[in-house]
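Quick notes on the structure that follows.
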Number of protein chains: 2
Amino acid sequence: MTAILHGNIIHAPQFGTLEMIPNGYLVLEDGVLAECCAALPQRYAGLPVTDYGNALIMPSFADLHLHAPQYPMLGMGMDLPLLEWLDAYTFRTEARFADLDYARRVYRQLAQDLISSGTTRVSAFASRHTDAALVLMEELERAGVAGYVGKVNMDRNAGPSQEETGESVAETLRWLENCRFELVKPILTPRFTPSCSDRLMEELGKIARERDLPVQSHLSENTGEIAWVRELHPGCGQYWETYDQYGLWKERTLMAHCVHSDAREQEAMVRAGVWAVHCAASNVNLCSGTAPVRELLENGVQVALGSDIAGGDQLAMNRVAVMSIRASKLKSMETGKPFLTVPEAYYLSSTAGHLYFGGGAGFQAGHKLHAVVVDDSAMPEPARELTLAERFERCIYLMEKRHIKAVYSEGVNRI
Amino acid sequence: MTAILHGNIIHAPQFGTLEMIPNGYLVLEDGVLAECCAALPQRYAGLPVTDYGNALIMPSFADLHLHAPQYPMLGMGMDLPLLEWLDAYTFRTEARFADLDYARRVYRQLAQDLISSGTTRVSAFASRHTDAALVLMEELERAGVAGYVGKVNMDRNAGPSQEETGESVAETLRWLENCRFELVKPILTPRFTPSCSDRLMEELGKIARERDLPVQSHLSENTGEIAWVRELHPGCGQYWETYDQYGLWKERTLMAHCVHSDAREQEAMVRAGVWAVHCAASNVNLCSGTAPVRELLENGVQVALGSDIAGGDQLAMNRVAVMSIRASKLKSMETGKPFLTVPEAYYLSSTAGHLYFGGGAGFQAGHKLHAVVVDDSAMPEPARELTLAERFERCIYLMEKRHIKAVYSEGVNRI
């Protein structure tokens with residue numbers, strides 16, 4: 001089936017540049033982008049057009065690091081030191097996901113919140129609970145959010161929900177057996193080095209290898225954590241080696257934070273094809289620091305953005321992109337390196353994440369459409385006619401759900 | 001007339017502390033708060049109650065620094081260096097306010113946006129245009145936003161809208177003649193030292209003295225500006241003295257930013273009773289730095305918050321409070337001084353501003369009610385019953401217009 005969308009088209013196929021087609025067309029064949037063009041080719045004449053008028057059509061957002069079971073604690077405990085925050089909120093909140101009815105309600109609300117904010121791809125941590133992880137996958141799929149979900153593994157230093165090692169492995173296998181979803185696939189998810197024993201890491205590495213599964217975890221978020229990892233693994237020179245020694249440091253492994261990754265750790269990322277997920281709001285909220293994003297990019301590390309709820313307090317990825325700009329401006333005042341521009345931050349919050357999942361670079365033909373349609377007509381009346389680039393920038397800064405008129409995920413409008 | 005409101009009452013009468021009355025009552029007599037209590041006194045029995053049920057009732061917000069004619073450029077030009085931003089956006093946008101129809105439309109939208117975001121008191125810069133400044137006052141009054149508005153004075157280094165000195169003074173007097181509003185009063189507004197000649201400053205100082213008018217301006221926002229002021233005024237040891245020498249540095253003068261105010265400048269503020277208006281979002285967006293808010297407070301400077309649109313990109317003062325927390329966390333990582341907690345940032349965004357205008361400290365009897373009613377029932381379902389303090393914190397982080405059920409300004413619900 002052919003579908004034709006009309007509107008002002010903006011995308012960022014490369015880092016740092018925007019491509020714009022005012023009054024352009026997107027032609028879909030069974031949800032797959034066939035054409036992104038300024039004038040509709042003759043062969044489509046006469047077919048019905050979904051006309052978004054003067055609205056902006058841009059690739060949707062991707063959130064490459066979020067803790068789904070922390071959604072209930074969004075915006076709370078932010079005055080607490082990290083360890084107290086973990087005890088008072090994180091561990092207790094996650095423990096609630098043993099209750100599948102509760103999990104269903106929260107995950108349904110989260111999935112709805114994601115899609116209506118324009119986020120169509122995610123890589124999410126669930127809790128340790130196998131069945132709740134499956135519920136999360138089901139609810140994301142139902143809402144039309146694609147990507148990865150990981151049942152969390154943690155058999156040490158992990159509060160009341162801690163697993164036994166054997167149980168953690170067996171439950172991971174049971175979870176993998178039951179992952180039968182079209183849009184949402186499994187990703188192995190050791191919580192982070194301090195909460196996974198060597199034996200667990202070894203088993204997960206084996207599963208990753210045997211089943212060719214991707215991996216996500218945390219890396220070098222704050223200095224206390226790094227010191228702790230060093231204590232736990234005196235044999236490893238650097239944090240990343242604790243993952244590497246068990247085969248978890250590999251092509252497409254997602255590592256959240258990398259706030260304190262030095263040149264050597266960054267080199268190891270490039271060599272292995274590991275991605276850094278930058279979570280600016282969380283890093284500030286938890287006083288972790290400001291990640292050296294410009295340096296990571298200059299050194300060739302692949303970077304995407306994450307909301308990291310509930311260390312981060314905002315689910316909407318345009319707000320996360322803005323926060324990454326703010327953090328980079330503060331970093332820039334310190335290092336002199338250029339801050340992230342709006343097109344750059346947008347690329348990291350959209351194109352980069354889609355590429356991670358094998359999607360297109362912007363509106364690239366041959367890929368299922370992931371797009372958000374934004375009507376900015378209710379934003380403040382400008383003093384003169386705005387360029388499309390200005391309207392785009394304003395949307396990144398000001399966009400709220402009420403401005404979003406359609407969200408296409410995997411070729412289908414989901415709202 | 002007696003009005004009784006019922007709900008969960010939270011306020012911050014002192015810096016750093018919250019007072020809470022679950023299921024409490026506010027009793028108003030002709031809009032003036034008579035009682036803030038846990039149980040309704042017998043004498044009110046039988047009177048109708050406006051029942052906000054499980055919603056939170058808290059004092060509204062005050063925005064002590066915003067540029068009203070920059071509302072049309074919200075969220076734009078944020079990648080530009082300051083001077084290019086001023087040329088490409090600020091001066092041109094402000095110049096549009098010679099057109100009173102345009103001014104009317106924009107200021108009506110702004111006033112609506114303010115009140116529906118829970119901001120009931122402001123101190124706003126208008127543009128240089130006398131009649132547009134009066135339109136702004138009229139539209140704020142119509143929407144129920146109280147406070148100050150200043151026709152801007154600028155007779156040098158001020159782009160296409162620059163005034164002649166004599167014209168600037170004459171127009172200021174004409175503006176003052178026509179300020180006949182109940183809720184909105186005039187405040188003298190020399191833009192900042194670099195854009196006001198000595199003669200203009202002298203005349204404004206005379207008007208301030210003769211008519212006992214308050215003053216607002218900018219101070220020590222960034223290092224380039226400070227160097228420029230030093231060049232322009234080699235006779236003044238510090239930036240603040242350029243205001244002081246003309247009688248503009250006095251009790252209740254509002255000085256926006258104070259990012260780079262040192263101990264001596266801070267002392268001068270305390271001595272004169274000058275207030276610092278902290279604008280965290282703007283200071284980060286424009287790469288000005290992070291203001292030493294904790295130090296200002298410790299030194300006894302009176303501090304309130306400002307959105308500083310459109311250097312700031314967010315009008316909602318709860319978001320501005322959150323941004324001040326984030327900025328203070330980054331400052332804290334650098335200085336070791338404690339960051340602003342949620343109750344502290346709320347105090348600065350609410351109580352401090354109301355006190356500036358002579359309002360009550362929180363829900364203090366004898367003052368007209370300024371309050372916002374927030375229904376948090378659509379926020380993520382929590383993992384356990386939340387305390388009122390937790391719900392309050394979550395509202396500061398997550399509140400959007402759709403959660404706001406009522407906004408009382410000067411004793412009347414305005415939405």
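Just remember, in the structure tokens the first chain shown is A, the second B, etc., residues are 1-based per chain, and ligands are 1-based in the order shown.
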
Discussion item. So that I can see what lies close to Met255 (chain A), please list as a PyMOL selection string the residues with an atom at most 10 Å from it, counting only C-alpha atoms and leaving out residues fewer than 3 positions away in the same chain.
Written reply: chain A and resi 64-65+192+215-221+240+249+252+258+269+274-278+303

Could those residues be written to a file, using C-alpha atoms, as an mmCIF file, in the first residue's frame?
data_model
loop_
_atom_site.group_PDB
_atom_site.id
_atom_site.type_symbol
_atom_site.label_atom_id
_atom_site.label_comp_id
_atom_site.auth_asym_id
_atom_site.auth_seq_id
_atom_site.Cartn_x
_atom_site.Cartn_y
_atom_site.Cartn_z
ATOM 1 C CA LEU A 64 19.150 4.483 24.153
ATOM 2 C CA HIS A 65 19.205 4.287 27.933
ATOM 3 C CA PHE A 192 26.845 -2.902 36.172
ATOM 4 C CA VAL A 215 24.681 -6.158 25.557
ATOM 5 C CA GLN A 216 23.962 -2.994 27.555
ATOM 6 C CA SER A 217 25.346 -1.782 30.867
ATOM 7 C CA HIS A 218 26.863 1.208 32.675
ATOM 8 C CA LEU A 219 30.403 2.598 32.481
ATOM 9 C CA SER A 220 32.416 5.224 34.354
ATOM 10 C CA GLU A 221 29.420 7.201 35.592
ATOM 11 C CA TRP A 240 35.833 -1.478 30.682
ATOM 12 C CA TRP A 249 32.636 -5.602 25.468
ATOM 13 C CA ARG A 252 27.179 -2.622 19.467
ATOM 14 C CA CYS A 258 31.112 7.367 30.092
ATOM 15 C CA MET A 269 35.350 1.646 22.723
ATOM 16 C CA VAL A 274 31.079 -0.118 21.735
ATOM 17 C CA TRP A 275 28.615 2.824 21.844
ATOM 18 C CA ALA A 276 28.500 5.522 24.511
ATOM 19 C CA VAL A 277 25.046 6.595 25.654
ATOM 20 C CA HIS A 278 25.168 10.143 26.937
ATOM 21 C CA VAL A 303 27.409 8.331 20.725
#

Could you work out which residues of chain B fall inside 6 Å of chain A? Count only C-alpha atoms, and format the result as a PDB file with all heavy atoms, in the first residue's frame.
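The new file out.pdb reads:
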ATOM      1  N   PRO B  72       8.586  36.365  21.419  1.00  0.00           N
ATOM      2  CA  PRO B  72       8.482  35.770  20.073  1.00  0.00           C
ATOM      3  C   PRO B  72       9.719  35.002  19.639  1.00  0.00           C
ATOM      4  O   PRO B  72       9.658  34.252  18.670  1.00  0.00           O
ATOM      5  CB  PRO B  72       8.293  36.993  19.155  1.00  0.00           C
ATOM      6  CG  PRO B  72       7.791  38.072  20.035  1.00  0.00           C
ATOM      7  CD  PRO B  72       8.419  37.822  21.380  1.00  0.00           C
ATOM      8  N   GLY B  75      13.479  30.157  22.438  1.00  0.00           N
ATOM      9  CA  GLY B  75      14.041  28.912  21.894  1.00  0.00           C
ATOM     10  C   GLY B  75      14.696  29.060  20.538  1.00  0.00           C
ATOM     11  O   GLY B  75      14.826  28.078  19.812  1.00  0.00           O
ATOM     12  N   MET B  76      15.140  30.272  20.187  1.00  0.00           N
ATOM     13  CA  MET B  76      15.815  30.443  18.887  1.00  0.00           C
ATOM     14  C   MET B  76      17.145  31.167  19.027  1.00  0.00           C
ATOM     15  O   MET B  76      17.331  31.977  19.921  1.00  0.00           O
ATOM     16  CB  MET B  76      14.913  31.200  17.921  1.00  0.00           C
ATOM     17  CG  MET B  76      13.811  30.316  17.364  1.00  0.00           C
ATOM     18  SD  MET B  76      12.890  31.122  16.051  1.00  0.00           S
ATOM     19  CE  MET B  76      11.933  32.284  17.010  1.00  0.00           C
ATOM     20  N   ASP B  79      22.398  28.806  19.398  1.00  0.00           N
ATOM     21  CA  ASP B  79      23.744  28.367  19.023  1.00  0.00           C
ATOM     22  C   ASP B  79      24.674  29.544  18.722  1.00  0.00           C
ATOM     23  O   ASP B  79      25.866  29.345  18.491  1.00  0.00           O
ATOM     24  CB  ASP B  79      23.686  27.487  17.763  1.00  0.00           C
ATOM     25  CG  ASP B  79      23.120  26.096  18.062  1.00  0.00           C
ATOM     26  OD1 ASP B  79      22.966  25.756  19.241  1.00  0.00           O
ATOM     27  OD2 ASP B  79      22.836  25.357  17.095  1.00  0.00           O
ATOM     28  N   THR B  93      13.736  41.805  16.951  1.00  0.00           N
ATOM     29  CA  THR B  93      12.444  41.400  17.510  1.00  0.00           C
ATOM     30  C   THR B  93      11.846  42.540  18.325  1.00  0.00           C
ATOM     31  O   THR B  93      10.676  42.882  18.177  1.00  0.00           O
ATOM     32  CB  THR B  93      12.618  40.152  18.391  1.00  0.00           C
ATOM     33  OG1 THR B  93      13.218  39.118  17.601  1.00  0.00           O
ATOM     34  CG2 THR B  93      11.282  39.661  18.914  1.00  0.00           C
ATOM     35  N   THR B 341      18.600  22.770  47.221  1.00  0.00           N
ATOM     36  CA  THR B 341      17.629  21.686  47.321  1.00  0.00           C
ATOM     37  C   THR B 341      16.320  22.134  46.666  1.00  0.00           C
ATOM     38  O   THR B 341      16.136  23.310  46.351  1.00  0.00           O
ATOM     39  CB  THR B 341      17.345  21.343  48.792  1.00  0.00           C
ATOM     40  OG1 THR B 341      16.724  22.484  49.398  1.00  0.00           O
ATOM     41  CG2 THR B 341      18.629  20.996  49.543  1.00  0.00           C
ATOM     42  N   PRO B 380       3.032   9.511  36.736  1.00  0.00           N
ATOM     43  CA  PRO B 380       3.227   8.055  36.825  1.00  0.00           C
ATOM     44  C   PRO B 380       2.764   7.476  38.169  1.00  0.00           C
ATOM     45  O   PRO B 380       2.984   8.064  39.228  1.00  0.00           O
ATOM     46  CB  PRO B 380       4.743   7.913  36.668  1.00  0.00           C
ATOM     47  CG  PRO B 380       5.147   9.091  35.841  1.00  0.00           C
ATOM     48  CD  PRO B 380       4.231  10.207  36.250  1.00  0.00           C
ATOM     49  N   GLU B 381       2.126   6.319  38.119  1.00  0.00           N
ATOM     50  CA  GLU B 381       1.614   5.670  39.338  1.00  0.00           C
ATOM     51  C   GLU B 381       2.781   5.275  40.220  1.00  0.00           C
ATOM     52  O   GLU B 381       3.626   4.471  39.829  1.00  0.00           O
ATOM     53  CB  GLU B 381       0.809   4.417  38.966  1.00  0.00           C
ATOM     54  CG  GLU B 381       0.209   3.748  40.187  1.00  0.00           C
ATOM     55  CD  GLU B 381      -0.492   2.417  39.856  1.00  0.00           C
ATOM     56  OE1 GLU B 381      -0.954   2.231  38.718  1.00  0.00           O
ATOM     57  OE2 GLU B 381      -0.558   1.577  40.772  1.00  0.00           O
ATOM     58  N   PRO B 382       2.849   5.822  41.441  1.00  0.00           N
ATOM     59  CA  PRO B 382       4.010   5.542  42.287  1.00  0.00           C
ATOM     60  C   PRO B 382       4.024   4.107  42.811  1.00  0.00           C
ATOM     61  O   PRO B 382       3.016   3.411  42.798  1.00  0.00           O
ATOM     62  CB  PRO B 382       3.860   6.536  43.435  1.00  0.00           C
ATOM     63  CG  PRO B 382       2.425   6.895  43.466  1.00  0.00           C
ATOM     64  CD  PRO B 382       1.895   6.746  42.075  1.00  0.00           C
ATOM     65  N   ALA B 383       5.189   3.696  43.288  1.00  0.00           N
ATOM     66  CA  ALA B 383       5.364   2.325  43.762  1.00  0.00           C
ATOM     67  C   ALA B 383       4.809   2.138  45.179  1.00  0.00           C
ATOM     68  O   ALA B 383       4.639   1.015  45.640  1.00  0.00           O
ATOM     69  CB  ALA B 383       6.839   1.965  43.736  1.00  0.00           C
ATOM     70  N   ARG B 394       8.004  16.147  43.137  1.00  0.00           N
ATOM     71  CA  ARG B 394       7.677  15.641  41.807  1.00  0.00           C
ATOM     72  C   ARG B 394       6.960  16.707  40.977  1.00  0.00           C
ATOM     73  O   ARG B 394       7.199  16.825  39.773  1.00  0.00           O
ATOM     74  CB  ARG B 394       6.814  14.389  41.957  1.00  0.00           C
ATOM     75  CG  ARG B 394       6.506  13.733  40.676  1.00  0.00           C
ATOM     76  CD  ARG B 394       6.001  12.342  40.909  1.00  0.00           C
ATOM     77  NE  ARG B 394       4.618  12.336  41.341  1.00  0.00           N
ATOM     78  CZ  ARG B 394       3.772  11.354  41.057  1.00  0.00           C
ATOM     79  NH1 ARG B 394       4.200  10.302  40.371  1.00  0.00           N
ATOM     80  NH2 ARG B 394       2.538  11.397  41.471  1.00  0.00           N
ATOM     81  N   TYR B 397       9.429  19.143  39.555  1.00  0.00           N
ATOM     82  CA  TYR B 397      10.142  18.590  38.400  1.00  0.00           C
ATOM     83  C   TYR B 397       9.238  18.359  37.187  1.00  0.00           C
ATOM     84  O   TYR B 397       9.641  18.606  36.059  1.00  0.00           O
ATOM     85  CB  TYR B 397      10.859  17.283  38.777  1.00  0.00           C
ATOM     86  CG  TYR B 397      12.252  17.509  39.336  1.00  0.00           C
ATOM     87  CD1 TYR B 397      12.478  17.618  40.705  1.00  0.00           C
ATOM     88  CD2 TYR B 397      13.351  17.642  38.488  1.00  0.00           C
ATOM     89  CE1 TYR B 397      13.755  17.857  41.218  1.00  0.00           C
ATOM     90  CE2 TYR B 397      14.624  17.869  38.984  1.00  0.00           C
ATOM     91  CZ  TYR B 397      14.822  17.975  40.353  1.00  0.00           C
ATOM     92  OH  TYR B 397      16.074  18.216  40.841  1.00  0.00           O
TER      93      TYR B 397
END

Practice prompt. Write out as a ChimeraX atom specification which residues come within 12 Å of Ala268 (chain A) when counting only C-alpha atoms, dropping same-chain ones fewer than 6 positions away.
Written response: /A:238-241,243-244,249-251,253,261-262,274-276,296,299-302

Worksheet entry | Nearest-residue call for Ala263 (chain B), choices B:Gly358, B:Pro292, B:Gly150, B:Pro22, using only C-alpha atoms | B:Pro292

Practice prompt. Report the residues of region 199-347 of chain B whose backbone DSSP state falls under strand (DSSP E or B), written as a ChimeraX atom specification.
Written response: /B:215-219,254-257,275-278,302-305,309,312

Practice prompt. Please provide the set of residues having any atom within 7 Å of region 151-168 of chain A, restricted to only C-alpha atoms, with same-chain residues fewer than 3 positions apart removed, written as a list in words.
Written response: Phe91, Ala95, Phe125, Ala126, Ser127, Arg128, His129, Thr130, Ala133, Glu171, Thr172, Thr189, Pro190, Arg191, Pro194, Ser195, Cys196, Ser197 and Leu200 of chain A

Worksheet item: When you draw a straight line from CA of Ser282 (chain B) to CA of Gly336 (chain B), how long is it in Å?
Response: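 CA of Gly336 (chain B) lies at a distance of 23.1 Å from CA of Ser282 (chain B).
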
Item to complete: Rank nothing, just name the residue among B:Asn413, B:Gln245, B:Ser116, B:Thr387 nearest to Met20 (chain B), using only C-alpha atoms.
Response: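 Closest to Met20 (chain B), using only C-alpha atoms: B:Thr387.
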
Quick one: residues within 9 Å of Ile10 (chain B), only C-alpha atoms counted, chain neighbours fewer than 2 positions away excluded, as a short mmCIF file (atom, residue, chain, number, x, y, z; two decimals) with N, CA, C and O atoms, in the first residue's frame?
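Saved file result_11.cif follows:
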data_model
loop_
_atom_site.label_atom_id
_atom_site.label_comp_id
_atom_site.auth_asym_id
_atom_site.auth_seq_id
_atom_site.Cartn_x
_atom_site.Cartn_y
_atom_site.Cartn_z
N ASN B 8 -4.43 19.76 49.80
CA ASN B 8 -3.18 19.52 50.52
C ASN B 8 -2.30 20.76 50.40
O ASN B 8 -1.86 21.11 49.30
N ALA B 12 6.45 27.45 51.66
CA ALA B 12 7.83 27.59 52.14
C ALA B 12 8.00 28.98 52.74
O ALA B 12 8.54 29.87 52.12
N LEU B 18 9.86 23.41 54.25
CA LEU B 18 8.49 23.31 53.74
C LEU B 18 7.55 23.15 54.93
O LEU B 18 7.88 22.45 55.88
N GLU B 19 6.40 23.80 54.87
CA GLU B 19 5.36 23.51 55.85
C GLU B 19 4.19 22.89 55.11
O GLU B 19 3.82 23.34 54.03
N MET B 20 3.65 21.83 55.71
CA MET B 20 2.62 21.07 55.00
C MET B 20 1.41 20.83 55.88
O MET B 20 1.55 20.52 57.06
N ILE B 21 0.23 20.98 55.31
CA ILE B 21 -1.01 20.63 55.99
C ILE B 21 -1.82 19.72 55.07
O ILE B 21 -2.50 20.21 54.17
N PRO B 22 -1.73 18.40 55.30
CA PRO B 22 -2.53 17.50 54.47
C PRO B 22 -4.00 17.77 54.76
O PRO B 22 -4.38 18.00 55.92
N LEU B 56 -2.69 19.46 45.27
CA LEU B 56 -1.76 20.25 46.08
C LEU B 56 -2.06 21.74 45.88
O LEU B 56 -2.23 22.19 44.73
N ILE B 57 -2.12 22.48 46.98
CA ILE B 57 -2.27 23.94 46.88
C ILE B 57 -0.98 24.55 47.41
O ILE B 57 -0.61 24.32 48.57
N MET B 58 -0.29 25.28 46.56
CA MET B 58 0.98 25.89 46.98
C MET B 58 1.05 27.33 46.47
O MET B 58 0.39 27.67 45.49
N PRO B 59 1.83 28.18 47.12
CA PRO B 59 1.98 29.53 46.61
C PRO B 59 2.47 29.52 45.16
O PRO B 59 3.28 28.67 44.77
N GLY B 362 4.98 32.75 52.13
CA GLY B 362 4.14 31.56 52.03
C GLY B 362 2.69 31.96 52.26
O GLY B 362 2.29 33.09 51.94
N PHE B 363 1.91 31.05 52.83
CA PHE B 363 0.49 31.35 53.08
C PHE B 363 0.35 32.12 54.40
O PHE B 363 -0.04 31.56 55.42
N LEU B 388 3.59 13.94 51.19
CA LEU B 388 3.25 15.22 50.57
C LEU B 388 4.51 15.90 50.04
O LEU B 388 4.51 16.52 48.97
N ALA B 389 5.60 15.76 50.78
CA ALA B 389 6.87 16.38 50.36
C ALA B 389 7.36 15.76 49.05
O ALA B 389 7.88 16.44 48.17
N PHE B 392 5.21 17.01 46.27
CA PHE B 392 5.60 18.39 45.99
C PHE B 392 6.85 18.42 45.10
O PHE B 392 6.90 19.09 44.07
#

Worksheet item: Nearest to Leu47 (chain B): which of B:Ala352, B:Ala88, B:Leu5, B:Leu232 is it, counting only C-alpha atoms?
Response: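 Closest candidate: B:Leu5.
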